[in-house]
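**Student:** Sharing a structure below in structure tokens format, with a few things to ask.
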Amino acid sequence: MFRSGFVGIIGRPNAGKSTLLNSLIGTKIAIIADKPQTTRNVIRGVRTDEDSQIIFIDTPGIHKPIHELGKRMNVAALSTLNGADIIYYMFDVTAPLGRGDMFVINQLKTITKPIFLLLNKSDLIEKDQLLPLIEELNQHHIFQEVIPISALENDNLDTLISVTKDYLTDTLKYYPTDQITDYPEQFIIAEIIREKVISLTEEEIPHSIAVTIEKISKKRETLIINGLVLVERDSQKGIIIGKNGRMLKAIGTQARKELEVRFGTPIFLELFVRVEKNWRNKATKLQQLGYLKPEID
């Protein structure tokens with residue numbers, strides 16, 4: 001019998017949620033960086049095989065917000081608890097159990113749907129370290145399944161999928177077999193550019209930028225993309241552009257190469273940088289960028 005359902009992936013920043021999504025889908029859907037709060041939007045990836053369709057929902061890492069943007073990211077993540085059929089709570093076993101984890105766990109205690117505890121990066125610690133951690137987390141009595149995994153190395157993901165299918169109760173096929181996400185090209189392009197900015201810059205820059213796609217057109221076989229990088233201060237604009245424009249050129253080159261592979265066509269990518277002071281606290285600008293106003297506290 002064909003089964004389907006929605007799986008929400010929730011956890012603290014840098015727990016490996018986006019890496020897991022990409023590994024489960026088998027291709028890059030969500031951008032990845034070794035800096036916290038890389039994921040800002042709820043991102044859906046679709047995995048379809050002969051007997052199931054699972055829609056995985058990657059969410060921003062839950063954190064203590066210091067901007068309106070952070071508040072909206074948290075709401076987006078927690079709202080996934082309501083719409084999903086199953087919840088994956090990802091815990092990075094190489095990081096200590098802290099207040100942030102307890103906040104997430106307390107949120108999970110309010111729901112009745114199946115919750116899986118995924119112990120990510122389990123390949124990096126000894127088993128005798130893992131067992132006490134499982135015992136400590138299981139004291140909360142909210143997990144139906146406990147599965148050690150490595151999202152990066154694809155360890156135990158076959159088991160995860162097999163166990164997940166046992167909990168699916170829907171029979172509808174929500175997406176065509178060959179569809180792996182429902183996000184528009186503009187969103188994917190903007191995210192790839194933002195990923196390159198994050199990977200090539202340091203300090204406060206990754207958290208202070210946003211990327212929008214102003215225009216996409218085609219000339220003969222070439223896709224022409226005009227992108228805009230928003231920053232909050234003039235000094236950040238200088239860093240993004242770099243000496244003689246070198247940083248912006250490097251960002252553009254890396255993004256263009258990945259986009260050409262993804263879309264299978266030559267791409268001309270032109271990037272501009274603009275200062276939008278304090279954009280992370282401006283409701284109108286956040287709305288324009290797609291970060292919706294929180295509907296819950």
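Going through the structure tokens in order, the chains are called A, B, and so on, while each chain numbers its residues from 1 and the ligands are numbered from 1 in the order shown.
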For Thr48 of chain A, please output as a compact mmCIF listing (two decimals) with C-alpha atoms, in the first residue's frame all residues within 10 Å (counting only C-alpha atoms; exclusion window: fewer than 4 positions along the same chain).
**Tutor:**
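So out-v2.txt came out as:
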# COMPACT_ATOMS: atom_id res chain seq x y z
CA SER A 4 2.69 9.37 2.52
CA ILE A 25 16.44 13.71 -0.85
CA SER A 52 5.83 6.07 -0.35
CA GLN A 53 6.14 9.83 -0.61
CA ILE A 54 7.64 11.68 2.35
CA ILE A 55 7.70 15.47 2.45
CA LYS A 173 0.43 11.47 -3.48
CA TYR A 175 3.66 15.81 -5.64
CA PRO A 176 4.66 14.33 -9.00
CA THR A 177 7.21 11.51 -8.73
CA ASP A 178 10.08 13.57 -10.15
CA GLN A 179 9.48 16.70 -8.02
CA ILE A 180 11.95 17.19 -5.17
**Student:** Within 8 Å of Ile29 of chain A, counting only C-alpha atoms, which residues qualify if same-chain residues fewer than 6 places away don't, as a PyMOL selection string?
**Tutor:** chain A and resi 21-22+43+45+181
**Student:** So, counting only C-alpha atoms, which residue among A:Gln139, A:Val197, A:Leu97, A:Asp182 is closest to Val42 of chain A?
**Tutor:**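 When distances to Val42 of chain A are compared using only C-alpha atoms, the smallest one comes from A:Asp182.
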**Student:** Once DSSP has gone over the backbone, tell me which residues of segment 47-266 of chain A are in alpha helix (DSSP H), as a PDB file with C-alpha atoms, in the first residue's frame.
**Tutor:**
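The result, written out as result37.pdb:
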ATOM      1  CA  GLU A  68      12.609  40.657  14.617  1.00  0.00           C
ATOM      2  CA  LEU A  69      14.023  38.333  11.951  1.00  0.00           C
ATOM      3  CA  GLY A  70      15.062  35.854  14.650  1.00  0.00           C
ATOM      4  CA  LYS A  71      11.575  35.920  16.165  1.00  0.00           C
ATOM      5  CA  ARG A  72      10.041  35.116  12.798  1.00  0.00           C
ATOM      6  CA  MET A  73      12.526  32.284  12.236  1.00  0.00           C
ATOM      7  CA  ASN A  74      11.583  30.718  15.582  1.00  0.00           C
ATOM      8  CA  VAL A  75       7.874  30.980  14.827  1.00  0.00           C
ATOM      9  CA  ALA A  76       8.423  29.386  11.423  1.00  0.00           C
ATOM     10  CA  ALA A  77      10.241  26.472  13.057  1.00  0.00           C
ATOM     11  CA  LEU A  78       7.713  25.920  15.855  1.00  0.00           C
ATOM     12  CA  SER A  79       4.728  26.206  13.518  1.00  0.00           C
ATOM     13  CA  THR A  80       6.016  23.074  11.782  1.00  0.00           C
ATOM     14  CA  LEU A  81       4.959  21.112  14.876  1.00  0.00           C
ATOM     15  CA  ASN A  82       1.331  21.746  13.951  1.00  0.00           C
ATOM     16  CA  GLY A  83       1.454  20.790  10.280  1.00  0.00           C
ATOM     17  CA  ARG A  99      18.953  25.475  27.793  1.00  0.00           C
ATOM     18  CA  GLY A 100      18.111  25.769  24.128  1.00  0.00           C
ATOM     19  CA  ASP A 101      17.598  22.020  23.868  1.00  0.00           C
ATOM     20  CA  MET A 102      15.376  22.038  26.943  1.00  0.00           C
ATOM     21  CA  PHE A 103      13.282  24.819  25.397  1.00  0.00           C
ATOM     22  CA  VAL A 104      12.740  22.689  22.280  1.00  0.00           C
ATOM     23  CA  ILE A 105      11.990  19.582  24.345  1.00  0.00           C
ATOM     24  CA  ASN A 106       9.410  21.466  26.404  1.00  0.00           C
ATOM     25  CA  GLN A 107       7.728  22.594  23.184  1.00  0.00           C
ATOM     26  CA  LEU A 108       7.652  18.993  21.998  1.00  0.00           C
ATOM     27  CA  LYS A 127      29.091   4.165  22.187  1.00  0.00           C
ATOM     28  CA  ASP A 128      29.760   4.366  25.916  1.00  0.00           C
ATOM     29  CA  GLN A 129      29.241   8.142  25.635  1.00  0.00           C
ATOM     30  CA  LEU A 130      26.069   7.748  23.617  1.00  0.00           C
ATOM     31  CA  LEU A 131      24.132   5.490  25.985  1.00  0.00           C
ATOM     32  CA  PRO A 132      24.076   7.893  28.986  1.00  0.00           C
ATOM     33  CA  LEU A 133      22.919  10.669  26.659  1.00  0.00           C
ATOM     34  CA  ILE A 134      20.059   8.515  25.371  1.00  0.00           C
ATOM     35  CA  GLU A 135      19.051   7.695  28.958  1.00  0.00           C
ATOM     36  CA  GLU A 136      19.077  11.381  29.923  1.00  0.00           C
ATOM     37  CA  LEU A 137      16.974  12.461  26.936  1.00  0.00           C
ATOM     38  CA  ASN A 138      14.570   9.544  27.317  1.00  0.00           C
ATOM     39  CA  LEU A 157      19.449   6.780   7.109  1.00  0.00           C
ATOM     40  CA  ASP A 158      17.996   3.650   5.474  1.00  0.00           C
ATOM     41  CA  THR A 159      16.830   2.557   8.913  1.00  0.00           C
ATOM     42  CA  LEU A 160      15.397   6.019   9.540  1.00  0.00           C
ATOM     43  CA  ILE A 161      13.348   5.892   6.325  1.00  0.00           C
ATOM     44  CA  SER A 162      12.147   2.355   7.019  1.00  0.00           C
ATOM     45  CA  VAL A 163      10.986   3.221  10.538  1.00  0.00           C
ATOM     46  CA  THR A 164       9.380   6.457   9.317  1.00  0.00           C
ATOM     47  CA  LYS A 165       7.273   4.563   6.787  1.00  0.00           C
ATOM     48  CA  ASP A 166       5.823   2.462   9.620  1.00  0.00           C
ATOM     49  CA  TYR A 167       4.273   5.650  11.057  1.00  0.00           C
ATOM     50  CA  GLU A 185      13.755  29.181  -9.024  1.00  0.00           C
ATOM     51  CA  GLN A 186      14.218  32.697  -7.614  1.00  0.00           C
ATOM     52  CA  PHE A 187      14.288  31.367  -4.056  1.00  0.00           C
ATOM     53  CA  ILE A 188      16.823  28.644  -4.875  1.00  0.00           C
ATOM     54  CA  ILE A 189      19.078  31.072  -6.757  1.00  0.00           C
ATOM     55  CA  ALA A 190      18.987  33.615  -3.910  1.00  0.00           C
ATOM     56  CA  GLU A 191      19.802  30.916  -1.351  1.00  0.00           C
ATOM     57  CA  ILE A 192      22.804  29.660  -3.343  1.00  0.00           C
ATOM     58  CA  ILE A 193      24.175  33.208  -3.580  1.00  0.00           C
ATOM     59  CA  ARG A 194      23.616  33.713   0.163  1.00  0.00           C
ATOM     60  CA  GLU A 195      25.441  30.455   0.878  1.00  0.00           C
ATOM     61  CA  LYS A 196      28.521  31.736  -0.980  1.00  0.00           C
ATOM     62  CA  VAL A 197      28.444  35.001   0.959  1.00  0.00           C
ATOM     63  CA  ILE A 198      28.259  33.044   4.223  1.00  0.00           C
ATOM     64  CA  SER A 199      31.109  30.704   3.296  1.00  0.00           C
ATOM     65  CA  LEU A 200      33.441  33.473   2.111  1.00  0.00           C
ATOM     66  CA  ILE A 205      28.439  39.460   7.885  1.00  0.00           C
ATOM     67  CA  PRO A 206      26.592  36.106   7.429  1.00  0.00           C
ATOM     68  CA  HIS A 207      23.792  37.174   9.773  1.00  0.00           C
ATOM     69  CA  SER A 208      23.509  40.702   8.394  1.00  0.00           C
ATOM     70  CA  ASP A 234      28.414  50.765   4.893  1.00  0.00           C
ATOM     71  CA  SER A 235      31.344  48.864   6.413  1.00  0.00           C
ATOM     72  CA  GLN A 236      29.617  45.578   5.570  1.00  0.00           C
ATOM     73  CA  LYS A 237      29.089  46.729   2.006  1.00  0.00           C
ATOM     74  CA  GLY A 238      32.809  47.333   1.745  1.00  0.00           C
ATOM     75  CA  ILE A 239      33.567  43.827   3.004  1.00  0.00           C
ATOM     76  CA  ILE A 240      31.142  42.192   0.574  1.00  0.00           C
ATOM     77  CA  ILE A 241      32.573  44.101  -2.382  1.00  0.00           C
ATOM     78  CA  ARG A 246      37.481  40.841  -5.522  1.00  0.00           C
ATOM     79  CA  MET A 247      35.145  39.477  -2.834  1.00  0.00           C
ATOM     80  CA  LEU A 248      31.991  40.168  -4.826  1.00  0.00           C
ATOM     81  CA  LYS A 249      33.610  38.593  -7.876  1.00  0.00           C
ATOM     82  CA  ALA A 250      34.518  35.470  -5.865  1.00  0.00           C
ATOM     83  CA  ILE A 251      30.962  35.216  -4.512  1.00  0.00           C
ATOM     84  CA  GLY A 252      29.547  35.595  -7.993  1.00  0.00           C
ATOM     85  CA  THR A 253      31.931  33.082  -9.538  1.00  0.00           C
ATOM     86  CA  GLN A 254      31.190  30.368  -6.978  1.00  0.00           C
ATOM     87  CA  ALA A 255      27.444  30.945  -7.222  1.00  0.00           C
ATOM     88  CA  ARG A 256      27.477  31.001 -11.026  1.00  0.00           C
ATOM     89  CA  LYS A 257      29.370  27.698 -11.267  1.00  0.00           C
ATOM     90  CA  GLU A 258      26.895  25.934  -8.970  1.00  0.00           C
ATOM     91  CA  LEU A 259      23.896  27.453 -10.723  1.00  0.00           C
ATOM     92  CA  GLU A 260      25.192  26.374 -14.150  1.00  0.00           C
ATOM     93  CA  VAL A 261      25.453  22.780 -12.933  1.00  0.00           C
ATOM     94  CA  ARG A 262      22.008  22.971 -11.337  1.00  0.00           C
ATOM     95  CA  PHE A 263      20.196  24.469 -14.332  1.00  0.00           C
TER      96      PHE A 263
END
**Student:** At what distance in Å, to one decimal, does atom CA of Ser18 of chain A lie from atom CA of Ile209 of chain A?
**Tutor:** 19.4 Å
**Student:** From the options A:Ile224, A:Arg44, A:Ala15, A:Pro96, which residue's atoms come nearest to Lys28 of chain A, counting only C-alpha atoms?
**Tutor:**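 Ranked by minimum distance to Lys28 of chain A, first place goes to A:Arg44.
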**Student:** Going by DSSP on the backbone, which bits of segment 9-229 of chain A are strand (DSSP E or B)? Write them as a ChimeraX atom specification, please.
**Tutor:** /A:9-11,43-49,52-58,86-92,115-120,145-148,150,155,170,210-219,222-229
**Student:** Filtering to C-alpha atoms, could you give me those residues as an mmCIF file, in the first residue's frame?
**Tutor:**
data_model
loop_
_atom_site.group_PDB
_atom_site.id
_atom_site.type_symbol
_atom_site.label_atom_id
_atom_site.label_comp_id
_atom_site.auth_asym_id
_atom_site.auth_seq_id
_atom_site.Cartn_x
_atom_site.Cartn_y
_atom_site.Cartn_z
ATOM 1 C CA ILE A 9 12.815 18.467 11.196
ATOM 2 C CA ILE A 10 13.406 20.616 14.260
ATOM 3 C CA GLY A 11 16.326 21.391 16.560
ATOM 4 C CA ILE A 43 12.226 24.409 3.221
ATOM 5 C CA ARG A 44 10.387 21.371 1.859
ATOM 6 C CA GLY A 45 12.052 18.421 0.166
ATOM 7 C CA VAL A 46 10.100 15.558 -1.426
ATOM 8 C CA ARG A 47 11.295 11.945 -1.430
ATOM 9 C CA THR A 48 9.239 9.543 -3.542
ATOM 10 C CA ASP A 49 9.817 5.838 -4.070
ATOM 11 C CA SER A 52 5.833 6.073 -0.345
ATOM 12 C CA GLN A 53 6.144 9.834 -0.606
ATOM 13 C CA ILE A 54 7.642 11.684 2.354
ATOM 14 C CA ILE A 55 7.696 15.474 2.452
ATOM 15 C CA PHE A 56 10.507 16.596 4.752
ATOM 16 C CA ILE A 57 10.276 20.093 6.224
ATOM 17 C CA ASP A 58 13.606 21.654 7.201
ATOM 18 C CA ILE A 86 5.933 13.107 12.408
ATOM 19 C CA ILE A 87 8.616 15.204 14.104
ATOM 20 C CA TYR A 88 12.344 14.560 13.885
ATOM 21 C CA TYR A 89 14.113 16.214 16.817
ATOM 22 C CA MET A 90 17.765 16.478 15.825
ATOM 23 C CA PHE A 91 20.357 16.566 18.564
ATOM 24 C CA ASP A 92 24.058 17.078 17.907
ATOM 25 C CA ILE A 115 8.518 12.239 17.759
ATOM 26 C CA PHE A 116 11.815 10.661 16.704
ATOM 27 C CA LEU A 117 15.017 11.539 18.542
ATOM 28 C CA LEU A 118 17.796 11.638 15.948
ATOM 29 C CA LEU A 119 21.231 11.575 17.534
ATOM 30 C CA ASN A 120 23.272 13.214 14.805
ATOM 31 C CA GLU A 145 11.924 6.225 18.371
ATOM 32 C CA VAL A 146 15.588 6.869 19.134
ATOM 33 C CA ILE A 147 17.878 6.557 16.107
ATOM 34 C CA PRO A 148 21.618 7.378 16.032
ATOM 35 C CA SER A 150 25.234 10.687 10.743
ATOM 36 C CA ASP A 155 24.884 6.474 8.390
ATOM 37 C CA ASP A 170 -1.864 8.999 4.608
ATOM 38 C CA ALA A 210 19.867 39.040 2.643
ATOM 39 C CA VAL A 211 19.732 38.225 -1.047
ATOM 40 C CA THR A 212 16.944 38.961 -3.495
ATOM 41 C CA ILE A 213 16.695 38.250 -7.210
ATOM 42 C CA GLU A 214 15.704 41.405 -9.060
ATOM 43 C CA LYS A 215 15.376 39.991 -12.550
ATOM 44 C CA ILE A 216 15.837 36.788 -14.559
ATOM 45 C CA SER A 217 15.899 36.863 -18.345
ATOM 46 C CA LYS A 218 17.277 34.772 -21.169
ATOM 47 C CA LYS A 219 19.419 35.805 -24.117
ATOM 48 C CA THR A 222 22.348 32.204 -21.516
ATOM 49 C CA LEU A 223 20.321 32.803 -18.358
ATOM 50 C CA ILE A 224 20.862 36.371 -17.138
ATOM 51 C CA ILE A 225 20.384 36.864 -13.393
ATOM 52 C CA ASN A 226 20.477 40.181 -11.524
ATOM 53 C CA GLY A 227 20.885 39.691 -7.783
ATOM 54 C CA LEU A 228 20.914 42.147 -4.899
ATOM 55 C CA VAL A 229 22.782 41.626 -1.639
#
**Student:** Env of Glu153 of chain A: 9 Å cut, atoms = only C-alpha atoms, seq-sep filter 2 positions within chain, self excluded. Answer as a list in words.
**Tutor:**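 That gives Ser23, Lys121, Asp123, Ile149, Ser150, Ala151 and Asp155 of chain A.
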**Student:** At what distance in Å, to one decimal, does atom CA of Ala30 of chain A lie from atom CA of Pro114 of chain A?
**Tutor:** 24.3 Å
**Student:** For atom CA of Met1 of chain A and atom CA of Asn156 of chain A, determine how far apart the two atoms are, in Å to one decimal place.
**Tutor:**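 We find that atom CA of Met1 of chain A and atom CA of Asn156 of chain A lie 24.1 Å from each other.
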